[in-house]
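Visitor: Here you go, my_file-v5.pdb (PDB, C-alpha atoms, pLDDT in the B column):
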ATOM      1  CA  MET A  44     -36.551  23.728  -5.446  1.00 96.00           C
ATOM      2  CA  SER A  45     -37.398  20.359  -3.964  1.00 97.00           C
ATOM      3  CA  VAL A  46     -37.813  16.821  -5.260  1.00 97.00           C
ATOM      4  CA  ASP A  47     -41.609  17.252  -5.174  1.00 96.00           C
ATOM      5  CA  SER A  48     -43.431  17.512  -8.477  1.00 95.00           C
ATOM      6  CA  MET A  49     -44.796  20.843  -9.678  1.00 95.00           C
ATOM      7  CA  PHE A  50     -48.273  19.436  -9.016  1.00 95.00           C
ATOM      8  CA  VAL A  51     -47.483  18.977  -5.336  1.00 96.00           C
ATOM      9  CA  HIS A  52     -46.050  22.510  -5.340  1.00 96.00           C
ATOM     10  CA  LYS A  53     -49.457  23.708  -6.545  1.00 96.00           C
ATOM     11  CA  MET A  54     -51.220  21.803  -3.777  1.00 96.00           C
ATOM     12  CA  TRP A  55     -48.904  23.334  -1.193  1.00 95.00           C
ATOM     13  CA  VAL A  56     -49.572  26.830  -2.508  1.00 95.00           C
ATOM     14  CA  ASP A  57     -53.321  26.261  -2.736  1.00 94.00           C
ATOM     15  CA  HIS A  58     -53.702  24.667   0.672  1.00 93.00           C
ATOM     16  CA  GLU A  59     -51.140  26.421   2.830  1.00 93.00           C
ATOM     17  CA  LEU A  60     -48.816  29.033   1.356  1.00 94.00           C
ATOM     18  CA  SER A  61     -51.613  31.171  -0.085  1.00 93.00           C
ATOM     19  CA  LYS A  62     -52.841  31.552   3.500  1.00 93.00           C
ATOM     20  CA  MET A  63     -49.467  33.032   4.492  1.00 93.00           C
ATOM     21  CA  VAL A  64     -48.730  35.166   1.425  1.00 92.00           C
ATOM     22  CA  ASP A  65     -51.418  37.013  -0.510  1.00 91.00           C
ATOM     23  CA  GLY A  66     -51.472  35.747  -4.083  1.00 85.00           C
ATOM     24  CA  GLY A  67     -49.186  32.808  -3.299  1.00 87.00           C
ATOM     25  CA  VAL A  68     -45.461  32.448  -3.830  1.00 93.00           C
ATOM     26  CA  PRO A  69     -44.058  35.327  -5.940  1.00 94.00           C
ATOM     27  CA  PHE A  70     -41.231  33.279  -7.476  1.00 96.00           C
ATOM     28  CA  PRO A  71     -41.050  30.012  -9.432  1.00 97.00           C
ATOM     29  CA  MET A  72     -41.182  26.843  -7.334  1.00 97.00           C
ATOM     30  CA  LEU A  73     -38.900  24.391  -9.094  1.00 97.00           C
ATOM     31  CA  SER A  74     -39.151  20.641  -9.183  1.00 96.00           C
ATOM     32  CA  ASP A  75     -36.027  18.479  -8.954  1.00 96.00           C
ATOM     33  CA  GLY A  76     -37.312  14.974  -9.605  1.00 94.00           C
ATOM     34  CA  GLY A  77     -34.707  12.419  -8.544  1.00 93.00           C
ATOM     35  CA  GLY A  78     -32.523  15.136  -7.089  1.00 95.00           C
ATOM     36  CA  LYS A  79     -30.459  15.481 -10.251  1.00 95.00           C
ATOM     37  CA  VAL A  80     -29.913  19.225  -9.879  1.00 96.00           C
ATOM     38  CA  GLY A  81     -29.420  18.904  -6.123  1.00 96.00           C
ATOM     39  CA  GLU A  82     -26.717  16.338  -6.706  1.00 95.00           C
ATOM     40  CA  VAL A  83     -24.734  18.711  -8.898  1.00 95.00           C
ATOM     41  CA  TYR A  84     -25.148  21.440  -6.274  1.00 96.00           C
ATOM     42  CA  GLY A  85     -24.033  19.096  -3.498  1.00 96.00           C
ATOM     43  CA  VAL A  86     -27.304  19.234  -1.567  1.00 96.00           C
ATOM     44  CA  TYR A  87     -28.939  15.928  -2.521  1.00 96.00           C
ATOM     45  CA  ASP A  88     -29.173  13.404   0.293  1.00 95.00           C
ATOM     46  CA  PRO A  89     -29.527   9.990  -1.374  1.00 94.00           C
ATOM     47  CA  ALA A  90     -30.403   8.251   1.908  1.00 93.00           C
ATOM     48  CA  GLY A  91     -33.448  10.450   2.478  1.00 92.00           C
ATOM     49  CA  GLY A  92     -34.130  11.003  -1.207  1.00 94.00           C
ATOM     50  CA  VAL A  93     -34.422  14.735  -0.665  1.00 95.00           C
ATOM     51  CA  ASP A  94     -32.561  17.962  -1.280  1.00 96.00           C
ATOM     52  CA  VAL A  95     -31.384  19.399   2.047  1.00 95.00           C
ATOM     53  CA  ARG A  96     -31.646  23.103   2.864  1.00 95.00           C
ATOM     54  CA  GLY A  97     -29.112  24.599   0.474  1.00 96.00           C
ATOM     55  CA  ARG A  98     -29.098  28.251  -0.492  1.00 97.00           C
ATOM     56  CA  PHE A  99     -27.020  29.822  -3.254  1.00 98.00           C
ATOM     57  CA  ILE A 100     -26.650  33.498  -4.147  1.00 98.00           C
ATOM     58  CA  ILE A 101     -25.855  33.776  -7.855  1.00 98.00           C
ATOM     59  CA  ASP A 102     -24.720  37.082  -9.335  1.00 98.00           C
ATOM     60  CA  PRO A 103     -25.766  38.602 -12.710  1.00 98.00           C
ATOM     61  CA  ASP A 104     -22.828  36.844 -14.411  1.00 98.00           C
ATOM     62  CA  GLY A 105     -24.079  33.459 -13.198  1.00 97.00           C
ATOM     63  CA  VAL A 106     -21.303  33.137 -10.621  1.00 98.00           C
ATOM     64  CA  VAL A 107     -22.025  31.604  -7.210  1.00 98.00           C
ATOM     65  CA  GLN A 108     -21.118  34.246  -4.621  1.00 98.00           C
ATOM     66  CA  ALA A 109     -22.394  32.535  -1.479  1.00 98.00           C
ATOM     67  CA  MET A 110     -23.815  29.270  -0.302  1.00 97.00           C
ATOM     68  CA  GLU A 111     -25.256  27.818   2.874  1.00 97.00           C
ATOM     69  CA  MET A 112     -26.329  24.287   3.726  1.00 95.00           C
ATOM     70  CA  LEU A 113     -28.393  23.069   6.658  1.00 94.00           C
ATOM     71  CA  THR A 114     -29.810  19.711   7.642  1.00 90.00           C
ATOM     72  CA  PRO A 115     -33.625  19.610   7.603  1.00 87.00           C
ATOM     73  CA  PRO A 116     -34.573  20.416  11.242  1.00 89.00           C
ATOM     74  CA  VAL A 117     -33.088  23.916  11.308  1.00 91.00           C
ATOM     75  CA  GLY A 118     -34.605  26.714   9.264  1.00 91.00           C
ATOM     76  CA  ARG A 119     -32.845  29.543   7.515  1.00 94.00           C
ATOM     77  CA  ASN A 120     -32.383  33.164   8.451  1.00 95.00           C
ATOM     78  CA  VAL A 121     -33.899  35.062   5.540  1.00 94.00           C
ATOM     79  CA  ALA A 122     -32.687  38.418   6.915  1.00 96.00           C
ATOM     80  CA  GLU A 123     -29.120  37.125   6.706  1.00 96.00           C
ATOM     81  CA  THR A 124     -29.638  36.143   3.078  1.00 97.00           C
ATOM     82  CA  LEU A 125     -30.910  39.659   2.304  1.00 97.00           C
ATOM     83  CA  ARG A 126     -27.933  41.168   4.145  1.00 97.00           C
ATOM     84  CA  GLN A 127     -25.529  39.092   2.087  1.00 98.00           C
ATOM     85  CA  ILE A 128     -27.220  40.075  -1.170  1.00 98.00           C
ATOM     86  CA  ALA A 129     -26.957  43.777  -0.202  1.00 98.00           C
ATOM     87  CA  ALA A 130     -23.270  43.279   0.618  1.00 97.00           C
ATOM     88  CA  PHE A 131     -22.481  41.500  -2.645  1.00 98.00           C
ATOM     89  CA  GLN A 132     -24.361  44.164  -4.608  1.00 98.00           C
ATOM     90  CA  LEU A 133     -22.378  46.921  -2.869  1.00 97.00           C
ATOM     91  CA  VAL A 134     -19.091  45.180  -3.647  1.00 97.00           C
ATOM     92  CA  ARG A 135     -20.134  44.640  -7.257  1.00 97.00           C
ATOM     93  CA  GLU A 136     -21.217  48.252  -7.719  1.00 97.00           C
ATOM     94  CA  SER A 137     -17.855  49.406  -6.371  1.00 96.00           C
ATOM     95  CA  LYS A 138     -16.210  47.099  -8.940  1.00 95.00           C
ATOM     96  CA  GLY A 139     -14.487  45.296  -6.114  1.00 91.00           C
ATOM     97  CA  SER A 140     -12.903  48.418  -4.599  1.00 94.00           C
ATOM     98  CA  ARG A 141     -14.911  48.106  -1.369  1.00 94.00           C
ATOM     99  CA  ALA A 142     -15.329  45.264   1.105  1.00 95.00           C
ATOM    100  CA  THR A 143     -17.900  44.714   3.829  1.00 96.00           C
ATOM    101  CA  PRO A 144     -16.361  43.630   7.145  1.00 94.00           C
ATOM    102  CA  SER A 145     -17.861  41.217   9.633  1.00 94.00           C
ATOM    103  CA  GLY A 146     -21.148  42.454  11.043  1.00 94.00           C
ATOM    104  CA  TRP A 147     -21.763  44.837   8.150  1.00 96.00           C
ATOM    105  CA  ARG A 148     -25.320  45.870   7.448  1.00 95.00           C
ATOM    106  CA  PRO A 149     -26.575  48.458   4.926  1.00 95.00           C
ATOM    107  CA  GLY A 150     -25.535  51.874   6.244  1.00 93.00           C
ATOM    108  CA  LYS A 151     -22.561  50.615   8.255  1.00 93.00           C
ATOM    109  CA  LYS A 152     -18.959  51.367   7.459  1.00 91.00           C
ATOM    110  CA  VAL A 153     -17.304  49.619   4.527  1.00 93.00           C
ATOM    111  CA  LEU A 154     -13.603  49.015   4.080  1.00 92.00           C
ATOM    112  CA  THR A 155     -11.380  50.022   1.185  1.00 91.00           C
ATOM    113  CA  PRO A 156      -8.848  47.232   0.802  1.00 89.00           C
ATOM    114  CA  GLY A 157      -5.387  48.428  -0.156  1.00 88.00           C
ATOM    115  CA  GLU A 158      -1.874  48.977   1.119  1.00 87.00           C
ATOM    116  CA  ASP A 159      -3.051  51.521   3.691  1.00 86.00           C
ATOM    117  CA  LEU A 160      -5.432  49.041   5.266  1.00 87.00           C
ATOM    118  CA  VAL A 161      -2.887  46.279   5.813  1.00 87.00           C
ATOM    119  CA  GLY A 162      -2.234  46.117   9.539  1.00 89.00           C
ATOM    120  CA  ASN A 163      -4.675  48.961  10.135  1.00 87.00           C
ATOM    121  CA  VAL A 164      -8.027  47.229  10.199  1.00 87.00           C
ATOM    122  CA  TRP A 165      -7.995  47.638  13.996  1.00 87.00           C
ATOM    123  CA  GLN A 166      -8.357  51.384  13.495  1.00 87.00           C
ATOM    124  CA  GLU A 167     -11.251  51.039  11.067  1.00 87.00           C
ATOM    125  CA  TRP A 168     -13.178  48.187  12.609  1.00 90.00           C
ATOM    126  CA  LYS A 169     -13.858  47.207  16.229  1.00 90.00           C
ATOM    127  CA  VAL A 170     -14.871  43.849  17.637  1.00 92.00           C
ATOM    128  CA  GLU A 171     -18.210  45.342  18.726  1.00 92.00           C
ATOM    129  CA  ASP A 172     -18.964  46.023  15.040  1.00 90.00           C
ATOM    130  CA  ALA A 173     -19.376  42.286  14.573  1.00 90.00           C
ATOM    131  CA  PHE A 174     -22.306  42.236  16.972  1.00 90.00           C
ATOM    132  CA  ASN A 175     -24.100  45.580  16.885  1.00 81.00           C
TER     133      ASN A 175
ATOM    134  CA  MET B 223     -51.242  -2.364   9.363  1.00 80.00           C
ATOM    135  CA  PRO B 224     -50.186   1.184   8.592  1.00 82.00           C
ATOM    136  CA  LYS B 225     -48.455   2.784  11.514  1.00 79.00           C
ATOM    137  CA  GLU B 226     -49.067   6.406  12.164  1.00 80.00           C
ATOM    138  CA  GLN B 227     -46.040   8.566  11.527  1.00 75.00           C
ATOM    139  CA  LYS B 228     -45.443  12.018  12.873  1.00 77.00           C
ATOM    140  CA  ALA B 229     -44.982  14.727  10.274  1.00 72.00           C
ATOM    141  CA  GLY B 230     -41.389  15.927  10.465  1.00 72.00           C
ATOM    142  CA  CYS B 231     -39.415  18.499   8.613  1.00 69.00           C
ATOM    143  CA  ALA B 232     -38.336  16.268   5.748  1.00 69.00           C
ATOM    144  CA  ARG B 233     -40.260  14.117   3.332  1.00 67.00           C
ATOM    145  CA  PRO B 234     -40.451  10.573   4.777  1.00 68.00           C
ATOM    146  CA  THR B 235     -39.132   7.848   2.490  1.00 69.00           C
ATOM    147  CA  GLY B 236     -39.306   4.082   2.461  1.00 72.00           C
ATOM    148  CA  GLY B 237     -37.057   1.348   1.223  1.00 71.00           C
ATOM    149  CA  VAL B 238     -36.893  -2.306   0.320  1.00 74.00           C
ATOM    150  CA  VAL B 239     -37.357  -4.539   3.361  1.00 78.00           C
ATOM    151  CA  GLY B 240     -34.745  -7.149   4.221  1.00 76.00           C
ATOM    152  CA  GLN B 241     -32.261  -5.837   1.740  1.00 67.00           C
ATOM    153  CA  THR B 242     -29.223  -3.889   2.757  1.00 67.00           C
ATOM    154  CA  PRO B 243     -28.608  -0.989   0.429  1.00 62.00           C
ATOM    155  CA  PRO B 244     -26.135  -1.917  -2.315  1.00 61.00           C
ATOM    156  CA  PRO B 245     -22.566  -0.837  -1.576  1.00 63.00           C
ATOM    157  CA  GLN B 246     -22.790   2.116  -3.883  1.00 59.00           C
ATOM    158  CA  ASP B 247     -19.664   3.735  -2.575  1.00 61.00           C
ATOM    159  CA  GLU B 248     -17.138   1.532  -4.338  1.00 59.00           C
ATOM    160  CA  ASN B 249     -18.621   1.904  -7.793  1.00 58.00           C
ATOM    161  CA  LYS B 250     -20.062   5.321  -7.377  1.00 56.00           C
ATOM    162  CA  LYS B 251     -16.976   7.069  -6.124  1.00 59.00           C
ATOM    163  CA  THR B 252     -15.236   7.148  -9.480  1.00 57.00           C
ATOM    164  CA  PRO B 253     -17.660   8.756 -11.953  1.00 56.00           C
ATOM    165  CA  ALA B 254     -16.699  11.718 -14.071  1.00 57.00           C
ATOM    166  CA  PRO B 255     -14.778  14.100 -11.843  1.00 53.00           C
ATOM    167  CA  GLU B 256     -16.462  17.156 -13.406  1.00 54.00           C
ATOM    168  CA  VAL B 257     -19.887  16.016 -12.213  1.00 53.00           C
ATOM    169  CA  ARG B 258     -18.671  14.965  -8.790  1.00 58.00           C
ATOM    170  CA  LYS B 259     -16.757  18.150  -8.193  1.00 67.00           C
ATOM    171  CA  MET B 260     -18.220  20.196  -5.393  1.00 76.00           C
ATOM    172  CA  ILE B 261     -19.575  23.521  -6.482  1.00 90.00           C
ATOM    173  CA  GLN B 262     -17.458  26.433  -5.240  1.00 94.00           C
ATOM    174  CA  VAL B 263     -18.051  30.090  -4.564  1.00 96.00           C
ATOM    175  CA  GLY B 264     -16.522  32.291  -7.247  1.00 96.00           C
ATOM    176  CA  THR B 265     -17.247  29.752  -9.987  1.00 96.00           C
ATOM    177  CA  LYS B 266     -20.156  29.503 -12.433  1.00 96.00           C
ATOM    178  CA  ALA B 267     -23.387  28.053 -11.133  1.00 96.00           C
ATOM    179  CA  PRO B 268     -24.170  24.848 -13.067  1.00 96.00           C
ATOM    180  CA  ASP B 269     -26.974  25.599 -15.528  1.00 96.00           C
ATOM    181  CA  PHE B 270     -30.133  23.485 -15.442  1.00 96.00           C
ATOM    182  CA  THR B 271     -33.704  23.384 -16.613  1.00 96.00           C
ATOM    183  CA  ALA B 272     -36.522  22.445 -14.272  1.00 96.00           C
ATOM    184  CA  PRO B 273     -40.295  22.182 -14.349  1.00 95.00           C
ATOM    185  CA  CYS B 274     -41.927  24.717 -12.100  1.00 95.00           C
ATOM    186  CA  TYR B 275     -45.149  26.067 -10.670  1.00 96.00           C
ATOM    187  CA  PHE B 276     -45.395  29.836 -10.922  1.00 95.00           C
ATOM    188  CA  GLN B 277     -48.406  32.088 -10.331  1.00 90.00           C
ATOM    189  CA  GLY B 278     -51.039  29.505 -11.089  1.00 92.00           C
ATOM    190  CA  LYS B 279     -49.324  27.991 -14.104  1.00 94.00           C
ATOM    191  CA  PHE B 280     -47.063  25.038 -14.820  1.00 95.00           C
ATOM    192  CA  ALA B 281     -43.948  26.050 -16.692  1.00 94.00           C
ATOM    193  CA  SER B 282     -40.269  25.329 -17.231  1.00 94.00           C
ATOM    194  CA  VAL B 283     -37.335  27.512 -16.316  1.00 94.00           C
ATOM    195  CA  GLN B 284     -33.656  27.544 -17.115  1.00 95.00           C
ATOM    196  CA  LEU B 285     -31.185  29.127 -14.715  1.00 96.00           C
ATOM    197  CA  SER B 286     -29.294  30.903 -17.504  1.00 95.00           C
ATOM    198  CA  GLU B 287     -32.471  32.831 -18.425  1.00 96.00           C
ATOM    199  CA  TYR B 288     -31.743  34.857 -15.295  1.00 97.00           C
ATOM    200  CA  LEU B 289     -28.299  36.064 -16.388  1.00 97.00           C
ATOM    201  CA  GLY B 290     -28.185  39.796 -15.689  1.00 98.00           C
ATOM    202  CA  LYS B 291     -30.184  39.398 -12.482  1.00 97.00           C
ATOM    203  CA  TRP B 292     -29.355  38.354  -8.954  1.00 98.00           C
ATOM    204  CA  VAL B 293     -30.722  34.901  -8.187  1.00 98.00           C
ATOM    205  CA  VAL B 294     -31.327  33.128  -4.890  1.00 98.00           C
ATOM    206  CA  LEU B 295     -31.567  29.386  -5.468  1.00 97.00           C
ATOM    207  CA  CYS B 296     -33.068  27.590  -2.476  1.00 97.00           C
ATOM    208  CA  PHE B 297     -33.342  23.869  -1.977  1.00 96.00           C
ATOM    209  CA  TYR B 298     -35.601  22.420   0.718  1.00 95.00           C
ATOM    210  CA  PRO B 299     -36.443  18.893   1.863  1.00 94.00           C
ATOM    211  CA  GLY B 300     -40.068  18.833   0.842  1.00 94.00           C
ATOM    212  CA  ASP B 301     -43.336  20.657   0.328  1.00 94.00           C
ATOM    213  CA  PHE B 302     -45.356  21.222   3.486  1.00 91.00           C
ATOM    214  CA  THR B 303     -42.174  21.690   5.523  1.00 82.00           C
ATOM    215  CA  PHE B 304     -40.906  25.050   6.676  1.00 75.00           C
ATOM    216  CA  VAL B 305     -38.463  26.674   4.332  1.00 67.00           C
TER     217      VAL B 305
END
For this file, produce the structure as structure tokens.
Guide:
Amino acid sequence: MSVDSMFVHKMWVDHELSKMVDGGVPFPMLSDGGGKVGEVYGVYDPAGGVDVRGRFIIDPDGVVQAMEMLTPPVGRNVAETLRQIAAFQLVRESKGSRATPSGWRPGKKVLTPGEDLVGNVWQEWKVEDAFN
Amino acid sequence: MPKEQKAGCARPTGGVVGQTPPPQDENKKTPAPEVRKMIQVGTKAPDFTAPCYFQGKFASVQLSEYLGKWVVLCFYPGDFTFV
């Protein structure tokens, strides 16, 4: 979603994005004229008249589970977004009985929060796990 | 004469010349607290409708149509910038 019109979105797809992705963009490209939606989401920059790089992960109940905001010159890490979605889906499927510690990726160890874990995370999780 | 401008990563904007922007802060800081409230994780995403371009067609979408699915909502500064 950007403040550009849907017609400019079409031009962008036709002239550039379709050269990167076969068949063009596989999801709706939304138009936020005047930044009204961006303002509610806290990403509209009135000085520049644009929505900054904000990213929100919204769960099936419509609840915001994660958000990230960047100023324009720095791009996002899409792999990190996918990792977060996988983590939130795992937690949701476990009905909140599991938690993914720092550095978690699909396949890595998850934690089971509870009385036994209090004061014992050091046995279950090592500092290296944050980086490997 | 038009001066060439380098393409950056945000949509360039203009403004009225010789006029300092109105002091919006004083008046604008007190609108309805619900609208001004910063969105928070763990709370409902504000619903909205928006015009869109999707697979060759112009359409309109509403966020709440996606209830039951995971949604990634991405804002970016302008078309023809990196995302």
Visitor: Set out as a Markdown table a contact list for stretch 64-89 of chain A and stretch 262-277 of chain B with a cut-off of 6 Å, giving each residue of stretch 64-89 of chain A that qualifies its closest atom pair and distance in Å to one decimal, counting all atoms listed in the file, ordered by chain and rising residue number.
Guide:
| residue | atom | partner | partner_atom | distance |
| --- | --- | --- | --- | --- |
| A:Pro71 | CA | B:Phe276 | CA | 4.6 |
| A:Met72 | CA | B:Tyr275 | CA | 5.2 |
| A:Leu73 | CA | B:Cys274 | CA | 4.3 |
| A:Ser74 | CA | B:Pro273 | CA | 5.5 |
Visitor: Between atom CA of B:Met260 and atom CA of A:Met112, what is the distance in Å, rounded to a tenth?
Guide: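 Distance between the two atoms: 12.9 Å.
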Visitor: Find the residues in chain B near chain A: any atom within 10 Å counts, using all atoms listed in the file. Write them as JSON, numbers by chain.
Guide: {"B": [230, 231, 232, 233, 234, 235, 236, 237, 243, 256, 257, 258, 259, 260, 261, 262, 263, 264, 265, 266, 267, 268, 269, 270, 271, 272, 273, 274, 275, 276, 277, 278, 279, 280, 281, 282, 283, 285, 286, 287, 288, 289, 290, 291, 292, 293, 294, 295, 296, 297, 298, 299, 300, 301, 302, 303, 304, 305]}
Visitor: Limited to C-alpha atoms, could you put the picked residues into a file as a PDB file, in the coordinates of the input?
Guide:
ATOM      1  CA  GLY B 230     -41.389  15.927  10.465  1.00 72.00           C
ATOM      2  CA  CYS B 231     -39.415  18.499   8.613  1.00 69.00           C
ATOM      3  CA  ALA B 232     -38.336  16.268   5.748  1.00 69.00           C
ATOM      4  CA  ARG B 233     -40.260  14.117   3.332  1.00 67.00           C
ATOM      5  CA  PRO B 234     -40.451  10.573   4.777  1.00 68.00           C
ATOM      6  CA  THR B 235     -39.132   7.848   2.490  1.00 69.00           C
ATOM      7  CA  GLY B 236     -39.306   4.082   2.461  1.00 72.00           C
ATOM      8  CA  GLY B 237     -37.057   1.348   1.223  1.00 71.00           C
ATOM      9  CA  PRO B 243     -28.608  -0.989   0.429  1.00 62.00           C
ATOM     10  CA  GLU B 256     -16.462  17.156 -13.406  1.00 54.00           C
ATOM     11  CA  VAL B 257     -19.887  16.016 -12.213  1.00 53.00           C
ATOM     12  CA  ARG B 258     -18.671  14.965  -8.790  1.00 58.00           C
ATOM     13  CA  LYS B 259     -16.757  18.150  -8.193  1.00 67.00           C
ATOM     14  CA  MET B 260     -18.220  20.196  -5.393  1.00 76.00           C
ATOM     15  CA  ILE B 261     -19.575  23.521  -6.482  1.00 90.00           C
ATOM     16  CA  GLN B 262     -17.458  26.433  -5.240  1.00 94.00           C
ATOM     17  CA  VAL B 263     -18.051  30.090  -4.564  1.00 96.00           C
ATOM     18  CA  GLY B 264     -16.522  32.291  -7.247  1.00 96.00           C
ATOM     19  CA  THR B 265     -17.247  29.752  -9.987  1.00 96.00           C
ATOM     20  CA  LYS B 266     -20.156  29.503 -12.433  1.00 96.00           C
ATOM     21  CA  ALA B 267     -23.387  28.053 -11.133  1.00 96.00           C
ATOM     22  CA  PRO B 268     -24.170  24.848 -13.067  1.00 96.00           C
ATOM     23  CA  ASP B 269     -26.974  25.599 -15.528  1.00 96.00           C
ATOM     24  CA  PHE B 270     -30.133  23.485 -15.442  1.00 96.00           C
ATOM     25  CA  THR B 271     -33.704  23.384 -16.613  1.00 96.00           C
ATOM     26  CA  ALA B 272     -36.522  22.445 -14.272  1.00 96.00           C
ATOM     27  CA  PRO B 273     -40.295  22.182 -14.349  1.00 95.00           C
ATOM     28  CA  CYS B 274     -41.927  24.717 -12.100  1.00 95.00           C
ATOM     29  CA  TYR B 275     -45.149  26.067 -10.670  1.00 96.00           C
ATOM     30  CA  PHE B 276     -45.395  29.836 -10.922  1.00 95.00           C
ATOM     31  CA  GLN B 277     -48.406  32.088 -10.331  1.00 90.00           C
ATOM     32  CA  GLY B 278     -51.039  29.505 -11.089  1.00 92.00           C
ATOM     33  CA  LYS B 279     -49.324  27.991 -14.104  1.00 94.00           C
ATOM     34  CA  PHE B 280     -47.063  25.038 -14.820  1.00 95.00           C
ATOM     35  CA  ALA B 281     -43.948  26.050 -16.692  1.00 94.00           C
ATOM     36  CA  SER B 282     -40.269  25.329 -17.231  1.00 94.00           C
ATOM     37  CA  VAL B 283     -37.335  27.512 -16.316  1.00 94.00           C
ATOM     38  CA  LEU B 285     -31.185  29.127 -14.715  1.00 96.00           C
ATOM     39  CA  SER B 286     -29.294  30.903 -17.504  1.00 95.00           C
ATOM     40  CA  GLU B 287     -32.471  32.831 -18.425  1.00 96.00           C
ATOM     41  CA  TYR B 288     -31.743  34.857 -15.295  1.00 97.00           C
ATOM     42  CA  LEU B 289     -28.299  36.064 -16.388  1.00 97.00           C
ATOM     43  CA  GLY B 290     -28.185  39.796 -15.689  1.00 98.00           C
ATOM     44  CA  LYS B 291     -30.184  39.398 -12.482  1.00 97.00           C
ATOM     45  CA  TRP B 292     -29.355  38.354  -8.954  1.00 98.00           C
ATOM     46  CA  VAL B 293     -30.722  34.901  -8.187  1.00 98.00           C
ATOM     47  CA  VAL B 294     -31.327  33.128  -4.890  1.00 98.00           C
ATOM     48  CA  LEU B 295     -31.567  29.386  -5.468  1.00 97.00           C
ATOM     49  CA  CYS B 296     -33.068  27.590  -2.476  1.00 97.00           C
ATOM     50  CA  PHE B 297     -33.342  23.869  -1.977  1.00 96.00           C
ATOM     51  CA  TYR B 298     -35.601  22.420   0.718  1.00 95.00           C
ATOM     52  CA  PRO B 299     -36.443  18.893   1.863  1.00 94.00           C
ATOM     53  CA  GLY B 300     -40.068  18.833   0.842  1.00 94.00           C
ATOM     54  CA  ASP B 301     -43.336  20.657   0.328  1.00 94.00           C
ATOM     55  CA  PHE B 302     -45.356  21.222   3.486  1.00 91.00           C
ATOM     56  CA  THR B 303     -42.174  21.690   5.523  1.00 82.00           C
ATOM     57  CA  PHE B 304     -40.906  25.050   6.676  1.00 75.00           C
ATOM     58  CA  VAL B 305     -38.463  26.674   4.332  1.00 67.00           C
TER      59      VAL B 305
END
Visitor: Quote the spacing between atom CA of A:Arg148 and atom CA of A:Asp172 in Å to one decimal place.
Guide: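 Atom-to-atom, atom CA of A:Arg148 to atom CA of A:Asp172, that is 9.9 Å.
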Visitor: I'd like the interatomic distance between atom CA of A:Ser145 and atom CA of A:Val161, to a tenth of an Å.
Guide: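 Between atom CA of A:Ser145 and atom CA of A:Val161 the gap works out to 16.3 Å.
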